[in-house]
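**Student:** Below are the structure tokens for one structure; questions will follow.
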Amino acid sequence: GFVAASGGQVSASGGALGPSSVGGALPSVGGTSGAGGQDTIGSAGGISGAAGGGGTPAPPDPNTVSIKMDPFTVDPGGEVFMCQDFDNPFGGVDAAVGRSESNMTAGSHHLHVYYGTDGTSRTAAPCPDPSEFRPMIHLATISDFVSQYPPGMAATLKGSTGLRTQAHYVNTTADQLNAEVSVKFTKVDPSTVTKWVGQMHFNRTVLSVPPGMG
């Protein structure tokens, strides 16, 4: 088996998960999202994509798809949980996702990308339940984050499964924030996958520090 854990996020595998798993994800432990750090296998930070020679943008990767939330605003001193459902980004075809990348503008606290949708609407709206917590294909607690699995490992996304984003923003400034959130998913050849991966996120919902202790 393979497990990498730190600061609130675990990426785990050992061959137990496969395309037959529901959404391809491990069950999550309930609770509301925390502000703790996170580690996944691979690299973190930065925006993917490189310019070609002479300043010419590199051609789009045919294996990469994107979802983007509708823009929303956060009032000065305000806090919002915004959710949006998306149809399957790979056009209804099963995919082995080896890499995911999220980019959020200033003011973000976290981003959850859940397996499955909650309704028929495809527009961003305040989350009816900010404590919603279920299996995820991507999780970020920093503005720009990349989750890259090693060769031979991937998360499965069934063609019949859509996605739901939950973006938590806090505006500590005196000005209105204009928020934008996007996520990219890159598939790999499923015949090369020997270990199917699921993400688990653990939260500490209660923390008590006695007087004089640190």
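Ordering of the structure tokens sets the chain letters (A, B, ...); residue numbers start at 1 within each chain; ligands are numbered from 1 in the order shown.
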If we count only C-alpha atoms, what is near region 94-109 of chain A at a cut-off of 7 Å, once residues fewer than 4 positions away on the same chain are taken out, given as an MDAnalysis selection string?
**Tutor:** chainID A and resid 138 141 143:149 153:159 168:171 179:190
**Student:** Can you pull out every residue within 7 Å of Leu177 (chain A), counting only C-alpha atoms, but drop anything in the same chain fewer than 5 positions away, and send it as a ChimeraX atom specification?
**Tutor:** /A:73-75,171
**Student:** Export C-alpha atoms of the chosen residues as a short mmCIF file (atom, residue, chain, number, x, y, z; two decimals), in the first residue's frame?
**Tutor:**
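Writing the result to again_7.cif gives the following:
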```cif
data_model
loop_
_atom_site.label_atom_id
_atom_site.label_comp_id
_atom_site.auth_asym_id
_atom_site.auth_seq_id
_atom_site.Cartn_x
_atom_site.Cartn_y
_atom_site.Cartn_z
CA THR A 73 -18.01 38.99 -5.01
CA VAL A 74 -17.24 39.12 -1.29
CA ASP A 75 -18.21 42.25 0.64
CA ASN A 171 -12.55 39.25 2.91
#
```
**Student:** Residues of region 100-161 of chain A in strand (DSSP E or B) according to DSSP, as JSON, numbers by chain?
**Tutor:** {"A": [100, 101, 102, 103, 104, 108, 109, 110, 111, 112, 113, 114, 115, 125, 126, 136, 137, 138, 139, 140, 144, 145, 146, 147, 148, 153, 154, 155, 156, 157]}
**Student:** Quote the spacing between CA of Pro126 (chain A) and CA of Leu207 (chain A) in Å to one decimal place.
**Tutor:**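 Separating CA of Pro126 (chain A) from CA of Leu207 (chain A) is a distance of 27.8 Å.
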**Student:** Counting only C-alpha atoms, which of A:Thr120, A:Asn203, A:Asn178, A:Asn63 gets nearest to Phe133 (chain A)?
**Tutor:**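 Answer, going by the shortest atom-to-atom distance: A:Asn203.
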**Student:** Rank A:Met136, A:Ala125, A:Val193, A:Leu111 by their smallest atom-to-atom distance to Pro151 (chain A), using only C-alpha atoms, and report the top residue only.
**Tutor:** A:Val193
